[in-house]
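The data block below is run.cif; it holds mmCIF, C-alpha atoms, pLDDT in the B column; chains and numbers go by the auth columns.
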```cif
data_work
loop_
_atom_site.group_PDB
_atom_site.id
_atom_site.type_symbol
_atom_site.label_atom_id
_atom_site.label_comp_id
_atom_site.label_asym_id
_atom_site.label_seq_id
_atom_site.Cartn_x
_atom_site.Cartn_y
_atom_site.Cartn_z
_atom_site.B_iso_or_equiv
_atom_site.auth_seq_id
_atom_site.auth_asym_id
ATOM 1 C CA MET A 1 107.598 99.268 118.588 68.00 1 A
ATOM 2 C CA VAL A 2 110.838 98.571 116.712 74.00 2 A
ATOM 3 C CA LYS A 3 109.130 99.008 113.344 80.00 3 A
ATOM 4 C CA VAL A 4 107.751 102.388 114.418 86.00 4 A
ATOM 5 C CA LEU A 5 111.220 103.465 115.545 86.00 5 A
ATOM 6 C CA ASP A 6 112.740 102.277 112.268 84.00 6 A
ATOM 7 C CA ARG A 7 110.136 104.214 110.289 86.00 7 A
ATOM 8 C CA LEU A 8 110.854 107.353 112.310 88.00 8 A
ATOM 9 C CA LEU A 9 114.598 106.908 111.756 86.00 9 A
ATOM 10 C CA LEU A 10 114.033 106.384 108.047 88.00 10 A
ATOM 11 C CA PHE A 11 111.954 109.561 107.884 89.00 11 A
ATOM 12 C CA LEU A 12 114.616 111.602 109.704 88.00 12 A
ATOM 13 C CA PHE A 13 117.393 110.082 107.597 89.00 13 A
ATOM 14 C CA SER A 14 115.502 110.876 104.392 91.00 14 A
ATOM 15 C CA ILE A 15 114.994 114.501 105.451 92.00 15 A
ATOM 16 C CA ALA A 16 118.694 114.861 106.325 90.00 16 A
ATOM 17 C CA VAL A 17 119.838 113.345 103.026 91.00 17 A
ATOM 18 C CA LEU A 18 117.371 115.562 101.141 92.00 18 A
ATOM 19 C CA LEU A 19 118.742 118.687 102.864 92.00 19 A
ATOM 20 C CA ILE A 20 122.338 117.656 102.137 91.00 20 A
ATOM 21 C CA ALA A 21 121.436 117.003 98.487 92.00 21 A
ATOM 22 C CA ILE A 22 119.774 120.429 98.188 93.00 22 A
ATOM 23 C CA VAL A 23 122.811 122.171 99.700 90.00 23 A
ATOM 24 C CA CYS A 24 125.115 120.282 97.302 89.00 24 A
ATOM 25 C CA LEU A 25 122.927 121.221 94.327 91.00 25 A
ATOM 26 C CA PHE A 26 122.853 124.879 95.407 91.00 26 A
ATOM 27 C CA GLY A 27 126.650 124.796 95.650 87.00 27 A
ATOM 28 C CA ALA A 28 127.016 123.105 92.256 88.00 28 A
ATOM 29 C CA PHE A 29 124.833 125.718 90.544 90.00 29 A
ATOM 30 C CA GLY A 30 126.660 128.571 92.256 88.00 30 A
ATOM 31 C CA LEU A 31 123.737 129.625 94.451 91.00 31 A
ATOM 32 C CA ILE A 32 125.979 129.226 97.504 90.00 32 A
ATOM 33 C CA SER A 33 129.101 131.285 97.040 89.00 33 A
ATOM 34 C CA LEU A 34 132.548 129.804 97.439 88.00 34 A
ATOM 35 C CA GLU A 35 133.248 132.336 100.165 91.00 35 A
ATOM 36 C CA THR A 36 130.195 131.188 102.228 91.00 36 A
ATOM 37 C CA ALA A 37 131.172 127.540 101.852 88.00 37 A
ATOM 38 C CA GLY A 38 134.758 128.352 102.803 90.00 38 A
ATOM 39 C CA ASN A 39 133.626 130.309 105.867 91.00 39 A
ATOM 40 C CA PHE A 40 131.524 127.330 106.990 88.00 40 A
ATOM 41 C CA LEU A 41 134.484 124.960 106.652 88.00 41 A
ATOM 42 C CA VAL A 42 136.705 127.362 108.561 92.00 42 A
ATOM 43 C CA ASP A 43 134.045 127.531 111.318 89.00 43 A
ATOM 44 C CA VAL A 44 133.940 123.730 111.488 88.00 44 A
ATOM 45 C CA TYR A 45 137.699 123.652 112.019 90.00 45 A
ATOM 46 C CA ARG A 46 138.070 126.664 114.319 91.00 46 A
ATOM 47 C CA ASP A 47 134.747 127.330 116.117 90.00 47 A
ATOM 48 C CA LEU A 48 134.052 124.750 118.826 91.00 48 A
ATOM 49 C CA ASP A 49 130.233 125.262 118.814 91.00 49 A
ATOM 50 C CA THR A 50 129.973 124.730 115.044 89.00 50 A
ATOM 51 C CA ALA A 51 132.315 121.727 115.222 90.00 51 A
ATOM 52 C CA VAL A 52 130.278 120.059 117.981 92.00 52 A
ATOM 53 C CA ILE A 53 127.015 120.480 116.049 92.00 53 A
ATOM 54 C CA PHE A 54 128.642 119.233 112.833 90.00 54 A
ATOM 55 C CA ILE A 55 130.224 116.205 114.567 92.00 55 A
ATOM 56 C CA ALA A 56 126.995 115.296 116.405 93.00 56 A
ATOM 57 C CA SER A 57 124.942 115.524 113.197 91.00 57 A
ATOM 58 C CA ALA A 58 127.457 113.409 111.288 91.00 58 A
ATOM 59 C CA ALA A 59 127.573 110.823 114.081 93.00 59 A
ATOM 60 C CA VAL A 60 123.767 110.529 114.221 91.00 60 A
ATOM 61 C CA LEU A 61 123.558 110.127 110.433 90.00 61 A
ATOM 62 C CA ALA A 62 126.330 107.512 110.550 92.00 62 A
ATOM 63 C CA LEU A 63 124.523 105.528 113.280 91.00 63 A
ATOM 64 C CA ILE A 64 121.237 105.645 111.379 90.00 64 A
ATOM 65 C CA SER A 65 123.076 104.523 108.231 90.00 65 A
ATOM 66 C CA LEU A 66 124.600 101.596 110.131 90.00 66 A
ATOM 67 C CA ARG A 67 121.143 100.618 111.416 88.00 67 A
ATOM 68 C CA PHE A 68 119.705 100.567 107.904 87.00 68 A
ATOM 69 C CA LEU A 69 122.752 98.702 106.610 87.00 69 A
ATOM 70 C CA TYR A 70 122.212 96.078 109.317 87.00 70 A
ATOM 71 C CA LEU A 71 118.505 95.800 108.469 83.00 71 A
ATOM 72 C CA SER A 72 119.288 95.326 104.791 82.00 72 A
ATOM 73 C CA VAL A 73 121.783 92.488 105.262 84.00 73 A
ATOM 74 C CA ARG A 74 120.345 90.584 108.224 80.00 74 A
ATOM 75 C CA GLN A 75 118.610 87.334 107.593 68.00 75 A
ATOM 76 C CA GLY A 76 114.993 87.699 108.577 64.00 76 A
ATOM 77 C CA LYS A 77 112.136 85.310 108.385 59.00 77 A
ATOM 78 C CA ALA A 78 111.894 84.700 104.664 56.00 78 A
ATOM 79 C CA ALA A 79 108.605 82.887 104.876 58.00 79 A
ATOM 80 C CA ALA A 80 105.771 82.395 107.291 69.00 80 A
ATOM 81 C CA PRO A 81 106.154 79.427 109.648 81.00 81 A
ATOM 82 C CA SER A 82 104.922 76.294 108.018 82.00 82 A
ATOM 83 C CA ILE A 83 104.779 72.536 108.220 84.00 83 A
ATOM 84 C CA ASP A 84 106.794 70.902 105.472 84.00 84 A
ATOM 85 C CA GLN A 85 106.055 67.473 104.049 83.00 85 A
ATOM 86 C CA ARG A 86 107.781 65.588 101.273 84.00 86 A
ATOM 87 C CA THR A 87 105.787 63.326 98.971 83.00 87 A
ATOM 88 C CA GLU A 88 106.778 61.297 95.937 89.00 88 A
ATOM 89 C CA PHE A 89 105.575 64.181 93.743 90.00 89 A
ATOM 90 C CA GLY A 90 107.341 67.002 95.594 89.00 90 A
ATOM 91 C CA ASP A 91 107.187 69.184 98.663 88.00 91 A
ATOM 92 C CA ILE A 92 104.072 70.402 100.468 88.00 92 A
ATOM 93 C CA ARG A 93 104.135 73.407 102.776 88.00 93 A
ATOM 94 C CA ILE A 94 101.125 74.153 104.970 89.00 94 A
ATOM 95 C CA SER A 95 101.246 77.405 106.895 89.00 95 A
ATOM 96 C CA MET A 96 100.564 77.443 110.615 90.00 96 A
ATOM 97 C CA ASP A 97 97.807 79.982 109.963 91.00 97 A
ATOM 98 C CA THR A 98 96.063 77.436 107.748 92.00 98 A
ATOM 99 C CA VAL A 99 96.165 74.790 110.461 93.00 99 A
ATOM 100 C CA GLU A 100 94.907 77.311 113.047 93.00 100 A
ATOM 101 C CA ASN A 101 92.007 78.270 110.769 94.00 101 A
ATOM 102 C CA LEU A 102 91.156 74.606 110.211 94.00 102 A
ATOM 103 C CA ALA A 103 91.122 74.091 113.988 94.00 103 A
ATOM 104 C CA LEU A 104 88.842 77.110 114.445 94.00 104 A
ATOM 105 C CA LYS A 105 86.492 75.866 111.724 94.00 105 A
ATOM 106 C CA ALA A 106 86.240 72.410 113.304 93.00 106 A
ATOM 107 C CA ALA A 107 85.853 73.757 116.854 92.00 107 A
ATOM 108 C CA GLY A 108 83.185 76.197 115.718 90.00 108 A
ATOM 109 C CA ARG A 109 80.931 73.288 114.742 90.00 109 A
ATOM 110 C CA SER A 110 80.343 72.509 118.411 87.00 110 A
ATOM 111 C CA ARG A 111 77.075 73.795 119.812 86.00 111 A
ATOM 112 C CA GLY A 112 77.275 76.577 122.420 85.00 112 A
ATOM 113 C CA VAL A 113 80.630 78.059 121.370 88.00 113 A
ATOM 114 C CA LYS A 114 80.684 81.858 121.162 85.00 114 A
ATOM 115 C CA ASP A 115 84.311 82.925 120.592 89.00 115 A
ATOM 116 C CA LEU A 116 87.349 80.853 119.591 93.00 116 A
ATOM 117 C CA ARG A 117 91.092 81.243 119.321 93.00 117 A
ATOM 118 C CA ALA A 118 93.625 78.573 118.422 93.00 118 A
ATOM 119 C CA ARG A 119 97.378 78.068 118.690 94.00 119 A
ATOM 120 C CA VAL A 120 99.308 75.309 116.956 92.00 120 A
ATOM 121 C CA LYS A 121 102.745 73.962 117.863 92.00 121 A
ATOM 122 C CA VAL A 122 104.703 71.271 116.102 90.00 122 A
ATOM 123 C CA SER A 123 106.293 68.516 118.178 88.00 123 A
ATOM 124 C CA GLN A 124 107.892 65.142 117.468 88.00 124 A
ATOM 125 C CA ALA A 125 104.585 63.378 118.249 87.00 125 A
ATOM 126 C CA GLY A 126 102.570 65.602 115.903 88.00 126 A
ATOM 127 C CA LEU A 127 100.621 68.814 116.180 92.00 127 A
ATOM 128 C CA GLU A 128 99.771 70.219 119.587 93.00 128 A
ATOM 129 C CA ILE A 129 96.669 72.377 119.360 94.00 129 A
ATOM 130 C CA VAL A 130 95.346 74.667 122.074 95.00 130 A
ATOM 131 C CA VAL A 131 91.827 76.014 121.577 94.00 131 A
ATOM 132 C CA ARG A 132 90.602 78.887 123.766 94.00 132 A
ATOM 133 C CA ALA A 133 86.839 79.256 123.828 92.00 133 A
ATOM 134 C CA ILE A 134 84.101 81.345 125.319 90.00 134 A
ATOM 135 C CA VAL A 135 80.877 79.372 125.645 89.00 135 A
ATOM 136 C CA ASP A 136 77.247 80.223 126.211 86.00 136 A
ATOM 137 C CA GLY A 137 77.008 78.382 129.553 82.00 137 A
ATOM 138 C CA GLU A 138 73.908 76.466 128.522 85.00 138 A
ATOM 139 C CA SER A 139 75.611 73.317 127.221 83.00 139 A
ATOM 140 C CA SER A 140 77.565 70.731 129.197 88.00 140 A
ATOM 141 C CA ILE A 141 81.178 71.888 129.196 89.00 141 A
ATOM 142 C CA PRO A 142 82.746 68.368 129.445 91.00 142 A
ATOM 143 C CA GLY A 143 80.580 67.093 126.592 90.00 143 A
ATOM 144 C CA MET A 144 81.215 70.185 124.487 90.00 144 A
ATOM 145 C CA THR A 145 84.989 70.061 124.977 91.00 145 A
ATOM 146 C CA GLU A 146 85.192 66.362 124.149 93.00 146 A
ATOM 147 C CA GLU A 147 83.191 66.959 120.981 92.00 147 A
ATOM 148 C CA MET A 148 85.407 69.937 120.127 92.00 148 A
ATOM 149 C CA GLN A 149 88.602 67.915 120.679 94.00 149 A
ATOM 150 C CA ALA A 150 87.355 65.051 118.513 94.00 150 A
ATOM 151 C CA ASN A 151 86.172 67.401 115.750 93.00 151 A
ATOM 152 C CA VAL A 152 89.465 69.324 115.649 94.00 152 A
ATOM 153 C CA LYS A 153 91.637 66.185 115.694 94.00 153 A
ATOM 154 C CA ARG A 154 89.618 64.406 113.006 95.00 154 A
ATOM 155 C CA HIS A 155 89.263 67.482 110.758 95.00 155 A
ATOM 156 C CA ILE A 156 92.947 68.429 110.795 94.00 156 A
ATOM 157 C CA GLU A 157 94.144 64.873 110.267 93.00 157 A
ATOM 158 C CA ASP A 158 91.688 64.388 107.387 94.00 158 A
ATOM 159 C CA ILE A 159 92.475 67.678 105.650 92.00 159 A
ATOM 160 C CA THR A 160 96.250 67.951 106.169 90.00 160 A
ATOM 161 C CA GLY A 161 97.307 64.341 106.716 88.00 161 A
ATOM 162 C CA ILE A 162 99.410 65.459 109.694 89.00 162 A
ATOM 163 C CA PRO A 163 98.952 63.531 112.946 92.00 163 A
ATOM 164 C CA VAL A 164 97.576 65.487 115.891 93.00 164 A
ATOM 165 C CA ALA A 165 99.239 64.607 119.201 93.00 165 A
ATOM 166 C CA PHE A 166 96.640 66.298 121.381 92.00 166 A
ATOM 167 C CA VAL A 167 94.001 68.990 121.417 94.00 167 A
ATOM 168 C CA SER A 168 93.742 71.030 124.584 94.00 168 A
ATOM 169 C CA VAL A 169 90.610 73.101 125.173 93.00 169 A
ATOM 170 C CA PHE A 170 90.620 76.039 127.553 93.00 170 A
ATOM 171 C CA ILE A 171 87.229 77.476 128.455 91.00 171 A
ATOM 172 C CA ALA A 172 88.075 81.101 129.211 90.00 172 A
ATOM 173 C CA ASN A 173 84.639 82.326 130.215 90.00 173 A
ATOM 174 C CA ILE A 174 80.942 82.064 129.619 88.00 174 A
ATOM 175 C CA GLN A 175 78.990 84.643 127.742 81.00 175 A
ATOM 176 C CA PRO A 176 75.466 84.869 128.979 73.00 176 A
ATOM 177 C CA SER A 177 72.905 84.837 126.260 64.00 177 A
ATOM 178 C CA SER A 178 71.337 88.216 125.711 63.00 178 A
ATOM 179 C CA PRO A 179 67.736 88.434 126.807 60.00 179 A
ATOM 180 C CA THR A 180 65.232 88.678 124.055 60.00 180 A
ATOM 181 C CA PHE A 181 62.648 91.389 124.397 61.00 181 A
ATOM 182 C CA LYS A 182 59.603 91.638 122.282 63.00 182 A
ATOM 183 C CA SER A 183 59.172 95.080 120.943 62.00 183 A
ATOM 184 C CA ARG A 184 55.781 96.664 121.163 67.00 184 A
ATOM 185 C CA VAL A 185 54.445 98.420 118.177 68.00 185 A
ATOM 186 C CA GLU A 186 51.771 100.947 118.876 59.00 186 A
#
```

Using structure tokens, write down the structure that the file contains.
Amino acid sequence: MVKVLDRLLLFLFSIAVLLIAIVCLFGAFGLISLETAGNFLVDVYRDLDTAVIFIASAAVLALISLRFLYLSVRQGKAAAPSIDQRTEFGDIRISMDTVENLALKAAGRSRGVKDLRARVKVSQAGLEIVVRAIVDGESSIPGMTEEMQANVKRHIEDITGIPVAFVSVFIANIQPSSPTFKSRVE
């Protein structure tokens, strides 16, 4: 939502700056007479309605400018979250997305799994992995989850070298297998 608002503000700010630049260029090339420009300035100083519109427009542009100034100097997330390891040869960074995909790959090897999602957290004891699954309902859930936990733990520790503290499996639902109909050809 914030990114959409920032894009809208950037669009409005760009239009306003473009209009101001066009007016300045028209004035510089003499397309706006000195008398017209002078009358506008006099109206800003003397006419309350013109002054209020001018002040409100300037205040909105100033606020939008401050927002973009803040966005340009704030310290954001420079890189994706990762797990950092130091070896004798240098540093290794493994993204959390990589570990999640490894967990999904290992969990997907279990028979009867239909849909998977994984979340990985880093703790002092190691990685904490939560796997959410939808199963077919035809296999033993305790046996399937134990197999899934063992596969995920072994696969991630083998591939990344990072210890896994625990693997939690949440069976969200069962997806009944679709009936198979034989089509008749006449």

Minimum-distance residue to Lys3 of chain A, chosen among A:Leu18, A:Val23, A:Leu71, A:Leu66 (using only C-alpha atoms):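 Closest to Lys3 of chain A of all the choices is A:Leu71.
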
Nearby residues (all atoms listed in the file) at most 7 Å from segment 113-122 of chain A, same-chain spacing under 4 positions excluded, as a list in words: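 Skipping anything fewer than 4 positions along the chain leaves Met96, Glu100, Ala103, Leu104, Gly108, Gly126, Leu127, Glu128, Ile129, Val130, Val131, Arg132, Ala133, Ile134, Val135 and Asp136 of chain A.
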
Output C-alpha atoms for every residue in that selection, as a PDB file, keeping the file's coordinate frame.
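File part-v5.pdb, as written:
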```
ATOM      1  CA  MET A  96     100.564  77.443 110.615  1.00 90.00           C
ATOM      2  CA  GLU A 100      94.907  77.311 113.047  1.00 93.00           C
ATOM      3  CA  ALA A 103      91.122  74.091 113.988  1.00 94.00           C
ATOM      4  CA  LEU A 104      88.842  77.110 114.445  1.00 94.00           C
ATOM      5  CA  GLY A 108      83.185  76.197 115.718  1.00 90.00           C
ATOM      6  CA  GLY A 126     102.570  65.602 115.903  1.00 88.00           C
ATOM      7  CA  LEU A 127     100.621  68.814 116.180  1.00 92.00           C
ATOM      8  CA  GLU A 128      99.771  70.219 119.587  1.00 93.00           C
ATOM      9  CA  ILE A 129      96.669  72.377 119.360  1.00 94.00           C
ATOM     10  CA  VAL A 130      95.346  74.667 122.074  1.00 95.00           C
ATOM     11  CA  VAL A 131      91.827  76.014 121.577  1.00 94.00           C
ATOM     12  CA  ARG A 132      90.602  78.887 123.766  1.00 94.00           C
ATOM     13  CA  ALA A 133      86.839  79.256 123.828  1.00 92.00           C
ATOM     14  CA  ILE A 134      84.101  81.345 125.319  1.00 90.00           C
ATOM     15  CA  VAL A 135      80.877  79.372 125.645  1.00 89.00           C
ATOM     16  CA  ASP A 136      77.247  80.223 126.211  1.00 86.00           C
TER      17      ASP A 136
END
```

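The gap separating atom CA of Phe68 of chain A from atom CA of Leu10 of chain A is 8.1 Å, in Å to one decimal.
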
Residues selected by the PyMOL selection byres ((chain A and resi 160) around 12), written as a PyMOL selection string: chain A and resi 83-85+92-96+98-100+102-103+126-127+152-159+161-164

Shortest interatomic distance to Ile64 of chain A - which of A:Leu5, A:Val44, A:Ala51, A:Cys24, counting only C-alpha atoms: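 Comparing A:Leu5, A:Val44, A:Ala51, A:Cys24 against Ile64 of chain A, the winner is A:Leu5.
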
Nearest residue to Ser14 of chain A from the set A:Glu146, A:Phe170, A:Ser65, A:Gly137 (distances using all atoms listed in the file):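 The shortest atom-to-atom distance to Ser14 of chain A comes from A:Ser65.
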
Distance of atom CA of Leu25 of chain A from atom CA of Leu63 of chain A, expressed in Å to one decimal place: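 Taking atom CA of Leu63 of chain A as the start and atom CA of Leu25 of chain A as the end point, the length is 24.7 Å.
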
Separation of atom CA of Gln124 of chain A from atom CA of Glu147 of chain A in Å: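 Distance between the two atoms: 25.0 Å.
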
Quick one: what's the axis-aligned box for segment 53-69 of chain A, all listed atoms, 8 Å on every side, centre and edges in Å to one decimal, as AutoDock Vina command-line options?
```
--center_x 125.0 --center_y 109.6 --center_z 111.5 --size_x 26.5 --size_y 37.8 --size_z 25.8
```

Selected residue of minimal separation from Asn173 of chain A among A:Val17, A:Ile141, A:Val42, A:Leu9, counting all atoms listed in the file: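 Checking each candidate against Asn173 of chain A, we get A:Ile141 as the closest.
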
Shortest interatomic distance to Leu61 of chain A - which of A:Phe13, A:Phe89, A:Phe166, A:Phe26, counting all atoms listed in the file: A:Phe13
